[in-house]
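Below is coords12.tsv, holding TSV, C-alpha atoms.
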```tsv
chain	number	residue	atom	x	y	z
W	1	MET	CA	-40.53	50.18	-10.20
W	2	SER	CA	-43.28	48.00	-11.64
W	3	THR	CA	-45.64	46.41	-9.13
W	4	GLU	CA	-46.78	43.74	-11.58
W	5	SER	CA	-46.02	40.23	-10.37
W	6	LYS	CA	-44.18	38.01	-12.75
W	7	GLN	CA	-46.29	35.13	-14.08
W	8	PRO	CA	-44.95	31.89	-12.61
W	9	SER	CA	-43.37	29.45	-15.00
W	10	ILE	CA	-43.08	25.68	-15.08
W	11	LYS	CA	-40.70	23.23	-16.70
W	12	ALA	CA	-41.76	20.99	-19.54
W	13	TYR	CA	-40.39	18.92	-22.37
W	14	GLY	CA	-41.29	20.85	-25.50
W	15	LEU	CA	-40.27	21.68	-29.04
W	16	THR	CA	-39.93	24.91	-30.95
W	17	ARG	CA	-39.45	23.17	-34.28
W	18	HIS	CA	-40.52	19.84	-35.71
W	19	GLY	CA	-38.27	16.85	-36.26
W	20	GLN	CA	-37.15	13.68	-34.55
W	21	PRO	CA	-37.45	13.70	-30.73
W	22	SER	CA	-33.67	13.39	-30.28
W	23	GLU	CA	-33.22	16.53	-32.36
W	24	VAL	CA	-35.98	18.84	-31.18
W	25	LEU	CA	-37.35	17.80	-27.78
W	26	HIS	CA	-35.74	19.66	-24.90
W	27	LEU	CA	-36.49	21.27	-21.56
W	28	VAL	CA	-38.34	24.56	-21.79
W	29	ASP	CA	-39.79	27.07	-19.36
W	30	VAL	CA	-43.39	27.98	-20.11
W	31	PRO	CA	-46.03	29.96	-18.22
W	32	LYS	CA	-47.83	27.94	-15.57
W	33	PRO	CA	-51.22	27.08	-17.09
W	34	GLN	CA	-54.30	28.61	-15.51
W	35	PRO	CA	-57.49	26.55	-15.34
W	36	GLY	CA	-60.46	27.66	-17.40
W	37	ARG	CA	-63.96	27.49	-16.01
W	38	ARG	CA	-64.34	23.70	-16.47
W	39	ASP	CA	-60.63	22.88	-16.13
W	40	LEU	CA	-58.52	21.14	-13.55
W	41	LEU	CA	-54.93	22.19	-12.95
W	42	VAL	CA	-53.15	18.88	-12.38
W	43	ARG	CA	-49.67	18.35	-10.99
W	44	ASN	CA	-48.43	15.49	-13.13
W	45	VAL	CA	-46.83	12.66	-11.15
W	46	ALA	CA	-46.40	10.13	-13.96
W	47	VAL	CA	-46.95	10.00	-17.71
W	48	ALA	CA	-46.95	7.45	-20.51
W	49	THR	CA	-45.91	7.66	-24.14
W	50	ASN	CA	-48.03	6.94	-27.21
W	51	PRO	CA	-47.49	6.89	-30.98
W	52	VAL	CA	-49.37	10.20	-31.18
W	53	ASP	CA	-46.44	11.87	-29.39
W	54	ILE	CA	-44.12	10.97	-32.25
W	55	LYS	CA	-46.68	12.13	-34.81
W	56	LYS	CA	-47.10	15.49	-33.09
W	57	ILE	CA	-43.33	16.01	-32.70
W	58	THR	CA	-42.68	15.16	-36.36
W	59	ASN	CA	-45.65	17.22	-37.61
W	60	TRP	CA	-47.63	14.14	-38.62
W	61	GLY	CA	-45.07	13.27	-41.28
W	62	GLY	CA	-45.54	16.64	-42.96
W	63	ASP	CA	-43.29	19.67	-43.34
W	64	VAL	CA	-40.85	19.70	-40.44
W	65	ASN	CA	-40.02	23.28	-41.32
W	66	ALA	CA	-43.54	24.47	-40.59
W	67	PRO	CA	-43.36	27.33	-38.08
W	68	VAL	CA	-44.01	26.66	-34.39
W	69	GLU	CA	-45.39	29.77	-32.70
W	70	SER	CA	-44.81	28.65	-29.11
W	71	PRO	CA	-43.35	25.52	-27.53
W	72	ILE	CA	-45.43	22.44	-28.30
W	73	ILE	CA	-45.72	20.18	-25.25
W	74	PRO	CA	-46.54	16.55	-26.17
W	75	GLY	CA	-47.85	13.87	-23.84
W	76	TRP	CA	-51.43	12.59	-23.72
W	77	ASP	CA	-51.45	10.15	-20.80
W	78	ALA	CA	-50.98	11.26	-17.22
W	79	SER	CA	-51.76	10.54	-13.60
W	80	GLY	CA	-51.47	13.19	-10.95
W	81	VAL	CA	-53.02	15.35	-8.24
W	82	VAL	CA	-55.49	18.21	-8.70
W	83	GLU	CA	-53.92	21.45	-7.50
W	84	ALA	CA	-56.64	23.91	-8.45
W	85	VAL	CA	-60.01	23.96	-10.21
W	86	GLY	CA	-61.92	26.34	-12.46
W	87	ALA	CA	-64.91	28.37	-11.33
W	88	GLU	CA	-67.51	25.92	-12.68
W	89	VAL	CA	-65.84	22.61	-11.80
W	90	THR	CA	-68.13	20.23	-9.91
W	91	LEU	CA	-66.60	16.78	-10.32
W	92	PHE	CA	-63.24	17.17	-8.57
W	93	LYS	CA	-61.52	19.23	-5.90
W	94	ALA	CA	-57.95	20.11	-4.98
W	95	GLY	CA	-56.09	17.08	-3.66
W	96	ASP	CA	-57.97	14.50	-5.74
W	97	GLU	CA	-55.86	11.90	-7.54
W	98	VAL	CA	-56.86	11.69	-11.20
W	99	TYR	CA	-55.81	10.20	-14.52
W	100	PHE	CA	-56.54	11.40	-18.03
W	101	ALA	CA	-55.47	11.62	-21.67
W	102	GLY	CA	-56.80	15.08	-22.49
W	103	VAL	CA	-57.16	16.47	-25.99
W	104	ILE	CA	-54.67	16.88	-28.82
W	105	ASN	CA	-55.23	20.60	-29.43
W	106	ARG	CA	-54.11	21.58	-25.92
W	107	ALA	CA	-50.72	21.32	-24.24
W	108	GLY	CA	-49.86	17.79	-23.21
W	109	SER	CA	-48.59	16.27	-20.00
W	110	PHE	CA	-44.81	16.16	-20.47
W	111	ALA	CA	-44.74	19.00	-17.98
W	112	GLU	CA	-44.95	19.78	-14.29
W	113	TYR	CA	-48.59	20.86	-14.65
W	114	THR	CA	-51.39	20.38	-17.16
W	115	THR	CA	-54.85	21.91	-17.47
W	116	VAL	CA	-57.59	19.59	-18.68
W	117	ASP	CA	-61.37	19.72	-18.95
W	118	GLU	CA	-62.79	17.92	-15.92
W	119	ARG	CA	-65.23	16.01	-18.13
W	120	LEU	CA	-62.30	14.16	-19.78
W	121	VAL	CA	-60.85	13.08	-16.42
W	122	GLY	CA	-61.37	10.04	-14.21
W	123	ARG	CA	-60.46	9.23	-10.65
W	124	LYS	CA	-57.17	7.37	-10.45
W	125	PRO	CA	-57.58	3.67	-9.61
W	126	SER	CA	-56.84	3.55	-5.89
W	127	SER	CA	-55.08	0.21	-6.18
W	128	LEU	CA	-52.48	1.50	-8.65
W	129	THR	CA	-49.45	3.71	-8.38
W	130	HIS	CA	-49.45	6.85	-10.50
W	131	GLU	CA	-47.05	5.14	-12.91
W	132	GLU	CA	-49.34	2.15	-13.31
W	133	ALA	CA	-52.36	4.41	-13.75
W	134	ALA	CA	-50.69	6.65	-16.34
W	135	ALA	CA	-50.47	3.68	-18.72
W	136	LEU	CA	-54.24	3.40	-19.05
W	137	PRO	CA	-56.22	6.49	-20.12
W	138	LEU	CA	-55.62	6.90	-23.87
W	139	THR	CA	-55.60	3.20	-24.64
W	140	SER	CA	-58.56	2.33	-22.39
W	141	LEU	CA	-60.65	5.07	-23.97
W	142	THR	CA	-59.65	3.96	-27.46
W	143	ALA	CA	-60.47	0.32	-26.76
W	144	TRP	CA	-63.74	0.97	-24.92
W	145	GLU	CA	-65.03	3.45	-27.48
W	146	LEU	CA	-64.30	1.17	-30.43
W	147	LEU	CA	-65.57	-2.04	-28.83
W	148	VAL	CA	-68.67	-0.67	-27.11
W	149	GLU	CA	-69.60	2.45	-29.06
W	150	GLY	CA	-68.17	1.70	-32.51
W	151	PHE	CA	-68.85	-2.03	-32.69
W	152	GLY	CA	-71.96	-1.81	-30.53
W	153	ILE	CA	-70.97	-4.80	-28.41
W	154	PRO	CA	-73.22	-4.81	-25.33
W	155	VAL	CA	-71.72	-4.80	-21.85
W	156	PRO	CA	-73.14	-7.92	-20.16
W	157	ALA	CA	-73.34	-6.24	-16.75
W	158	ASP	CA	-75.43	-3.43	-18.25
W	159	VAL	CA	-77.99	-5.67	-19.95
W	160	GLY	CA	-78.21	-8.36	-17.27
W	161	ASP	CA	-77.05	-11.19	-19.53
W	162	GLU	CA	-73.57	-12.61	-18.91
W	163	THR	CA	-73.83	-14.87	-21.97
W	164	ILE	CA	-74.91	-12.31	-24.56
W	165	ASN	CA	-71.51	-12.24	-26.31
W	166	GLN	CA	-70.45	-15.84	-25.80
W	167	HIS	CA	-70.87	-16.78	-29.47
W	168	LYS	CA	-69.05	-13.74	-30.86
W	169	THR	CA	-65.51	-13.79	-32.24
W	170	LEU	CA	-63.01	-10.92	-32.12
W	171	LEU	CA	-59.57	-10.52	-33.67
W	172	VAL	CA	-57.25	-7.85	-32.27
W	173	LEU	CA	-54.34	-7.10	-34.58
W	174	GLY	CA	-51.38	-6.07	-32.45
W	175	GLY	CA	-52.44	-7.80	-29.26
W	176	ALA	CA	-49.32	-6.96	-27.26
W	177	GLY	CA	-49.32	-3.24	-28.00
W	178	GLY	CA	-50.62	-0.54	-25.70
W	179	VAL	CA	-54.11	-0.44	-27.23
W	180	GLY	CA	-54.21	-4.13	-28.09
W	181	SER	CA	-53.37	-5.38	-24.60
W	182	ILE	CA	-56.16	-3.39	-22.93
W	183	ALA	CA	-58.60	-4.18	-25.76
W	184	LEU	CA	-58.00	-7.89	-25.17
W	185	GLN	CA	-58.71	-7.45	-21.47
W	186	ILE	CA	-61.91	-5.49	-21.98
W	187	ALA	CA	-63.10	-7.93	-24.65
W	188	LYS	CA	-62.51	-11.02	-22.56
W	189	HIS	CA	-63.09	-9.94	-18.98
W	190	VAL	CA	-65.68	-7.17	-19.32
W	191	LEU	CA	-67.56	-7.92	-22.53
W	192	LYS	CA	-67.06	-11.67	-22.08
W	193	ILE	CA	-66.67	-12.32	-25.81
W	194	GLY	CA	-66.60	-16.06	-26.43
W	195	ARG	CA	-63.51	-16.24	-28.62
W	196	VAL	CA	-60.87	-13.52	-28.42
W	197	ILE	CA	-57.89	-13.83	-30.74
W	198	GLY	CA	-54.80	-11.64	-30.63
W	199	SER	CA	-52.16	-11.32	-33.30
W	200	ALA	CA	-48.52	-11.59	-32.28
W	201	ALA	CA	-45.33	-12.67	-34.02
W	202	ARG	CA	-42.70	-13.06	-31.29
W	203	PRO	CA	-42.66	-15.50	-28.36
W	204	GLU	CA	-42.72	-12.64	-25.87
W	205	THR	CA	-45.66	-10.90	-27.57
W	206	ILE	CA	-47.58	-14.16	-27.85
W	207	GLU	CA	-47.10	-14.68	-24.11
W	208	TYR	CA	-48.12	-11.10	-23.31
W	209	SER	CA	-51.24	-11.30	-25.47
W	210	LYS	CA	-52.41	-14.50	-23.82
W	211	ALA	CA	-51.70	-13.08	-20.38
W	212	HIS	CA	-53.93	-10.12	-21.19
W	213	GLY	CA	-57.03	-11.88	-22.46
W	214	ALA	CA	-56.33	-13.64	-25.76
W	215	ASP	CA	-57.71	-17.16	-25.93
W	216	GLU	CA	-55.49	-17.84	-28.94
W	217	THR	CA	-53.01	-15.98	-31.11
W	218	ILE	CA	-52.19	-15.86	-34.80
W	219	ASN	CA	-49.07	-14.58	-36.55
W	220	HIS	CA	-49.84	-11.35	-38.42
W	221	ARG	CA	-46.70	-11.78	-40.54
W	222	ASN	CA	-48.42	-14.63	-42.36
W	223	PRO	CA	-51.59	-14.53	-44.50
W	224	LEU	CA	-54.37	-13.98	-42.00
W	225	ALA	CA	-56.80	-16.39	-43.68
W	226	ASP	CA	-54.25	-19.21	-43.34
W	227	GLU	CA	-53.66	-18.33	-39.69
W	228	LEU	CA	-57.37	-18.28	-38.86
W	229	ALA	CA	-57.85	-21.56	-40.72
W	230	LYS	CA	-55.44	-23.17	-38.27
W	231	LEU	CA	-57.95	-22.23	-35.58
W	232	GLY	CA	-60.82	-23.67	-37.60
W	233	LEU	CA	-62.17	-20.25	-38.57
W	234	LYS	CA	-63.05	-18.80	-41.98
W	235	GLY	CA	-63.78	-15.37	-40.53
W	236	VAL	CA	-64.55	-13.38	-37.40
W	237	ASP	CA	-67.34	-11.07	-36.31
W	238	PHE	CA	-65.19	-8.13	-35.26
W	239	ILE	CA	-61.69	-7.05	-36.25
W	240	PHE	CA	-59.90	-4.46	-34.10
W	241	ASN	CA	-56.94	-3.23	-36.12
W	242	THR	CA	-54.28	-1.27	-34.20
W	243	SER	CA	-51.86	-1.13	-37.14
W	244	GLU	CA	-51.68	0.89	-40.36
W	245	PRO	CA	-54.76	-0.09	-42.38
W	246	GLU	CA	-53.38	-0.19	-45.93
W	247	PRO	CA	-51.15	-3.30	-45.67
W	248	VAL	CA	-53.98	-5.45	-44.29
W	249	ILE	CA	-57.31	-3.88	-45.26
W	250	ASP	CA	-57.95	-6.17	-48.25
W	251	GLN	CA	-57.40	-9.22	-46.06
W	252	LEU	CA	-59.66	-7.85	-43.33
W	253	ILE	CA	-62.49	-7.16	-45.76
W	254	GLN	CA	-62.35	-10.77	-46.90
W	255	LEU	CA	-62.20	-12.15	-43.35
W	256	VAL	CA	-64.95	-10.22	-41.60
W	257	ASN	CA	-68.13	-12.25	-41.19
W	258	PRO	CA	-71.48	-11.14	-42.62
W	259	LEU	CA	-72.86	-8.22	-40.59
W	260	GLY	CA	-69.41	-7.91	-39.04
W	261	LYS	CA	-67.37	-4.79	-38.35
W	262	ILE	CA	-63.77	-3.78	-38.98
W	263	GLY	CA	-62.40	-1.08	-36.71
W	264	HIS	CA	-59.38	1.12	-37.34
W	265	ILE	CA	-57.62	3.50	-34.97
W	266	LEU	CA	-55.59	5.01	-37.82
W	267	PRO	CA	-56.92	6.64	-41.00
W	268	ILE	CA	-57.13	4.96	-44.38
W	269	GLN	CA	-55.26	7.36	-46.65
W	270	THR	CA	-55.32	5.59	-50.00
W	271	PRO	CA	-58.24	4.34	-52.13
W	272	ILE	CA	-59.53	0.88	-51.21
W	273	ASN	CA	-62.12	-1.43	-52.73
W	274	THR	CA	-64.95	-1.84	-50.25
W	275	ALA	CA	-67.29	-3.60	-52.70
W	276	PRO	CA	-66.79	-7.03	-51.06
W	277	LEU	CA	-68.29	-5.59	-47.87
W	278	PHE	CA	-71.56	-4.73	-49.59
W	279	GLY	CA	-73.00	-8.21	-49.93
W	280	LYS	CA	-71.98	-9.04	-46.37
W	281	ARG	CA	-73.36	-5.77	-44.99
W	282	GLY	CA	-69.99	-5.36	-43.39
W	283	SER	CA	-68.97	-2.06	-41.84
W	284	LEU	CA	-65.80	-0.01	-41.47
W	285	VAL	CA	-65.61	1.83	-38.16
W	286	PHE	CA	-63.09	4.47	-37.14
W	287	GLU	CA	-61.98	5.42	-33.65
W	288	LEU	CA	-60.15	8.56	-32.59
W	289	MET	CA	-60.04	9.00	-28.85
W	290	PHE	CA	-59.65	12.77	-29.16
W	291	THR	CA	-62.91	13.31	-31.08
W	292	ARG	CA	-65.15	14.02	-28.11
W	293	GLY	CA	-62.77	16.60	-26.69
W	294	LEU	CA	-62.03	18.21	-30.04
W	295	TYR	CA	-65.66	18.66	-31.03
W	296	GLY	CA	-67.27	18.94	-27.60
W	297	VAL	CA	-69.48	15.93	-28.23
W	298	GLU	CA	-70.51	14.56	-24.84
W	299	PRO	CA	-66.99	14.82	-23.38
W	300	GLU	CA	-68.37	13.66	-20.03
W	301	LYS	CA	-68.65	10.16	-21.50
W	302	GLN	CA	-64.86	9.89	-21.42
W	303	GLY	CA	-64.74	10.73	-17.73
W	304	ALA	CA	-67.41	8.10	-17.15
W	305	ILE	CA	-65.41	5.47	-19.06
W	306	LEU	CA	-62.26	6.27	-17.09
W	307	ASN	CA	-64.17	6.02	-13.81
W	308	ARG	CA	-65.57	2.68	-14.89
W	309	VAL	CA	-62.13	1.43	-15.90
W	310	ALA	CA	-60.80	2.55	-12.51
W	311	SER	CA	-63.51	0.53	-10.75
W	312	LEU	CA	-62.75	-2.52	-12.90
W	313	VAL	CA	-59.05	-2.20	-12.10
W	314	ASP	CA	-59.73	-1.88	-8.39
W	315	ALA	CA	-62.00	-4.94	-8.63
W	316	LYS	CA	-59.10	-6.87	-10.28
W	317	VAL	CA	-61.07	-7.37	-13.50
W	318	LEU	CA	-58.60	-5.26	-15.52
W	319	ARG	CA	-54.94	-4.56	-14.85
W	320	THR	CA	-52.37	-2.02	-15.86
W	321	THR	CA	-50.41	-2.46	-19.06
W	322	ALA	CA	-47.36	-0.53	-17.78
W	323	ASN	CA	-44.45	-2.70	-18.90
W	324	HIS	CA	-41.45	-0.43	-19.57
W	325	ARG	CA	-40.18	2.22	-17.15
W	326	PHE	CA	-37.78	5.03	-18.00
W	327	ALA	CA	-36.17	7.74	-15.91
W	328	TRP	CA	-37.51	11.22	-16.65
W	329	ASP	CA	-34.28	12.38	-18.26
W	330	LYS	CA	-34.56	9.44	-20.66
W	331	LEU	CA	-37.81	10.61	-22.24
W	332	VAL	CA	-36.22	10.69	-25.69
W	333	ASP	CA	-35.11	7.07	-25.24
W	334	ALA	CA	-38.65	6.14	-24.24
W	335	LEU	CA	-40.03	7.82	-27.36
W	336	GLU	CA	-37.50	6.04	-29.54
W	337	LEU	CA	-38.64	2.69	-28.12
W	338	GLN	CA	-42.24	3.77	-28.71
W	339	ASP	CA	-41.43	4.56	-32.33
W	340	SER	CA	-39.52	1.31	-32.89
W	341	GLY	CA	-42.65	-0.85	-32.77
W	342	LYS	CA	-40.90	-3.18	-30.32
W	343	ALA	CA	-42.53	-1.96	-27.11
W	344	ILE	CA	-44.80	-4.43	-25.34
W	345	GLY	CA	-47.64	-2.86	-23.41
W	346	LYS	CA	-47.08	0.73	-22.30
W	347	ILE	CA	-44.02	2.87	-21.51
W	348	VAL	CA	-44.27	4.99	-18.34
W	349	LEU	CA	-42.11	7.64	-16.68
W	350	THR	CA	-42.16	9.40	-13.31
W	351	VAL	CA	-42.21	13.17	-13.69
W	352	ALA	CA	-39.10	14.58	-11.98
W	353	PHE	CA	-37.91	18.00	-13.08
```
Output the structure of this file as structure tokens.
Amino acid sequence: MSTESKQPSIKAYGLTRHGQPSEVLHLVDVPKPQPGRRDLLVRNVAVATNPVDIKKITNWGGDVNAPVESPIIPGWDASGVVEAVGAEVTLFKAGDEVYFAGVINRAGSFAEYTTVDERLVGRKPSSLTHEEAAALPLTSLTAWELLVEGFGIPVPADVGDETINQHKTLLVLGGAGGVGSIALQIAKHVLKIGRVIGSAARPETIEYSKAHGADETINHRNPLADELAKLGLKGVDFIFNTSEPEPVIDQLIQLVNPLGKIGHILPIQTPINTAPLFGKRGSLVFELMFTRGLYGVEPEKQGAILNRVASLVDAKVLRTTANHRFAWDKLVDALELQDSGKAIGKIVLTVAF
């Protein structure tokens, strides 16, 4: 009789082929992950959905018949409890409550347990439940990195000048979305930008945008120049675009002020004419939250951002964007709402296998 112990397994939502979530996402048993030298093994308590989940499940809009060698586990937003740590971990210990997004080339958090590099992890805000905390990592990192690193907007508290951004203008396209609603908060309450404008087209999204930091809103279904003109503006200094770039990029190039910056969190995949930016010395900036983890470029900066966000939440400067809650066995329904474009804020679920 063999004396080898069987490797323990865990339950997860995974896929063995690509397609729509309702067709391919199902419960699977996979080996319990083991932490590498800088990893935490986290017992996931709550998770949130993001558009990247749909992209990963559908193979980024590519060949759904592409082979899947082992179950793909989506999910890149989680809050939970550290169960074990790798040999070289120094930042956390077993029992710590943490929140994180992780990195796209490793198994996600739609599972009982996840391993994640400790440098990409922050302490969970103590004032939030795990469900409220799970709404924040991916979107907070995306917003902070684009606003502070990509746009170069100084943090008033860091430079000792609370008025440094009071004459700046920012437009966030998609103000009521997961990224947009935390970007508005950071822009208004942390960076203290003088005029923060969110785009929204429905009464409920207008209300949500204003509740999360927008001084004013415009309707992105109308020509943006006309909408800004109603506010007495010909342009803005910074444009934070959370939507597909191609339908709006020509408008954004015309509307950004001289020396201004346009930021995208999705790639531009067709040729565009950037010549009008030249005379204005305007810039296009791209933000992918997974870059630091994928390339190993100062990943500890993400942990630092998450810790700072946690402190700002606990100080009541920022607040959670958790707005839709689904039972764990309704994960497919949650992903369908995510994919519909009708979600306001973030969608969260309590892990309950």
*Would you work out the distance separating atom CA of Glu131 of chain W from atom CA of Ala46 of chain W, expressed in Å to one decimal?*
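These two atoms are separated by 5.1 Å.
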List as a PDB file with C-alpha atoms, keeping the file's coordinate frame the residues having at least one atom at most 12 Å from position (-68.1, 16.6, -25.2) as given in the file, counting only C-alpha atoms.
```pdb
ATOM      1  CA  ARG W  38     -64.340  23.700 -16.470  1.00  0.00           C
ATOM      2  CA  GLY W 102     -56.800  15.080 -22.490  1.00  0.00           C
ATOM      3  CA  VAL W 103     -57.160  16.470 -25.990  1.00  0.00           C
ATOM      4  CA  ASP W 117     -61.370  19.720 -18.950  1.00  0.00           C
ATOM      5  CA  GLU W 118     -62.790  17.920 -15.920  1.00  0.00           C
ATOM      6  CA  ARG W 119     -65.230  16.010 -18.130  1.00  0.00           C
ATOM      7  CA  LEU W 120     -62.300  14.160 -19.780  1.00  0.00           C
ATOM      8  CA  VAL W 121     -60.850  13.080 -16.420  1.00  0.00           C
ATOM      9  CA  MET W 289     -60.040   9.000 -28.850  1.00  0.00           C
ATOM     10  CA  PHE W 290     -59.650  12.770 -29.160  1.00  0.00           C
ATOM     11  CA  THR W 291     -62.910  13.310 -31.080  1.00  0.00           C
ATOM     12  CA  ARG W 292     -65.150  14.020 -28.110  1.00  0.00           C
ATOM     13  CA  GLY W 293     -62.770  16.600 -26.690  1.00  0.00           C
ATOM     14  CA  LEU W 294     -62.030  18.210 -30.040  1.00  0.00           C
ATOM     15  CA  TYR W 295     -65.660  18.660 -31.030  1.00  0.00           C
ATOM     16  CA  GLY W 296     -67.270  18.940 -27.600  1.00  0.00           C
ATOM     17  CA  VAL W 297     -69.480  15.930 -28.230  1.00  0.00           C
ATOM     18  CA  GLU W 298     -70.510  14.560 -24.840  1.00  0.00           C
ATOM     19  CA  PRO W 299     -66.990  14.820 -23.380  1.00  0.00           C
ATOM     20  CA  GLU W 300     -68.370  13.660 -20.030  1.00  0.00           C
ATOM     21  CA  LYS W 301     -68.650  10.160 -21.500  1.00  0.00           C
ATOM     22  CA  GLN W 302     -64.860   9.890 -21.420  1.00  0.00           C
ATOM     23  CA  GLY W 303     -64.740  10.730 -17.730  1.00  0.00           C
ATOM     24  CA  ALA W 304     -67.410   8.100 -17.150  1.00  0.00           C
TER      25      ALA W 304
END
```
_List as a ChimeraX atom specification the protein and nucleic acid residues near Gln166 of chain W, meaning an atom at most 10 Å away when all atoms listed in the file are counted, but skip any in the same chain fewer than 2 places from it._
/W:162-164,168-169,188,191-195
_Set the distance at 12 Å and use only C-alpha atoms: which residues neighbour segment 197-201 of chain W once local chain neighbours fewer than 5 positions away are removed? I'd like the list as a PyMOL selection string._
chain W and resi 168-177+179-185+187-188+206-224+227-228+231+233+235-243+342+344
*asked:* Given the point (-49.9, 21.2, -32.4) in the file's coordinates, find the residues that have an atom at most 7 Å from it, counting only C-alpha atoms, and give them as an MDAnalysis selection string.
replied: chainID W and resid 56 72 105
Keeping only C-alpha atoms, write the selected residues as a PDB file, keeping the file's coordinate frame.
```
ATOM      1  CA  LYS W  56     -47.100  15.490 -33.090  1.00  0.00           C
ATOM      2  CA  ILE W  72     -45.430  22.440 -28.300  1.00  0.00           C
ATOM      3  CA  ASN W 105     -55.230  20.600 -29.430  1.00  0.00           C
TER       4      ASN W 105
END
```
Which residues of segment 64-182 of chain W come within 8 Å of segment 251-263 of chain W, and what is each one's closest atom pair and distance in Å (one decimal), counting only C-alpha atoms, sorted by chain and residue number, as a tab-separated table?
```
residue	atom	partner	partner_atom	distance
W:Leu146	CA	W:Gly263	CA	6.9
W:Gly150	CA	W:Gly263	CA	7.7
W:Phe151	CA	W:Lys261	CA	6.5
```
_Calculated over only C-alpha atoms, which of the candidates W:Ile272, W:Val89, W:Val116, W:Val81 has the smallest distance to Pro33 of chain W?_
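Ranked by minimum distance to Pro33 of chain W, first place goes to W:Val116.
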*Just give me the gap between atom CA of Tyr13 of chain W and atom CA of Leu27 of chain W in Å, one decimal is fine.*
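Between atom CA of Tyr13 of chain W and atom CA of Leu27 of chain W the gap works out to 4.6 Å.
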*Quick one: of W:Arg37, W:Lys6, W:Lys55, W:Arg281, who's nearest to Val85 of chain W, counting only C-alpha atoms?*
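So, comparing all the options, the nearest one is W:Arg37.
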*Distance atom CA of Val47 of chain W-atom CA of Gly62 of chain W, one decimal place?*
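Atom CA of Gly62 of chain W lies 26.1 Å from atom CA of Val47 of chain W.
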Centre and edges of the segment 310-319 of chain W box, axis-aligned, 6 Å extra per side, as lines of an AutoDock Vina configuration file:
```
center_x = -59.2
center_y = -2.4
center_z = -12.0
size_x = 20.6
size_y = 21.9
size_z = 19.1
```
*asked:* List the spatial neighbours of Glu149 of chain W as number ranges by chain - criterion: any atom at most 10 Å away, only C-alpha atoms, same-chain residues fewer than 6 positions off excluded.
replied: W: 143, 285, 287
*If you count all atoms listed in the file, which residues fall within 10 Å of Gly122 of chain W, apart from same-chain ones fewer than 2 positions away, as an MDAnalysis selection string?*
chainID W and resid 79 91:92 97:101 118:120 124:125 137 300 302:310
*Near Asn59 of chain W, within 9 Å and counting all atoms listed in the file, which residues show up once chain neighbours fewer than 6 positions away are dropped, as a ChimeraX atom specification?*
/W:18-19,66
*Using only C-alpha atoms, which of the listed residues (W:Arg325, W:Lys32, W:His264, W:Lys11) sits closest to Phe110 of chain W?*
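For Phe110 of chain W, the nearest of the candidates is W:Lys11.
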*Can you work out which one of W:Leu337, W:Leu138, W:Leu312, W:Val332 has the shortest atom-to-atom distance to Pro21 of chain W, counting only C-alpha atoms?*
W:Val332
*Name the closest residue to Ala78 of chain W among the candidates W:Ala94, W:Val28, W:Ala322, W:Ala133; distances are taken between atoms, counting all atoms listed in the file.*
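Looking only at the distances to Ala78 of chain W, the closest residue turns out to be W:Ala133.
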_Counting only C-alpha atoms, the residue of W:Asn50, W:Ser283, W:Thr350, W:Gln20 that sits nearest Gly108 of chain W_ = W:Asn50
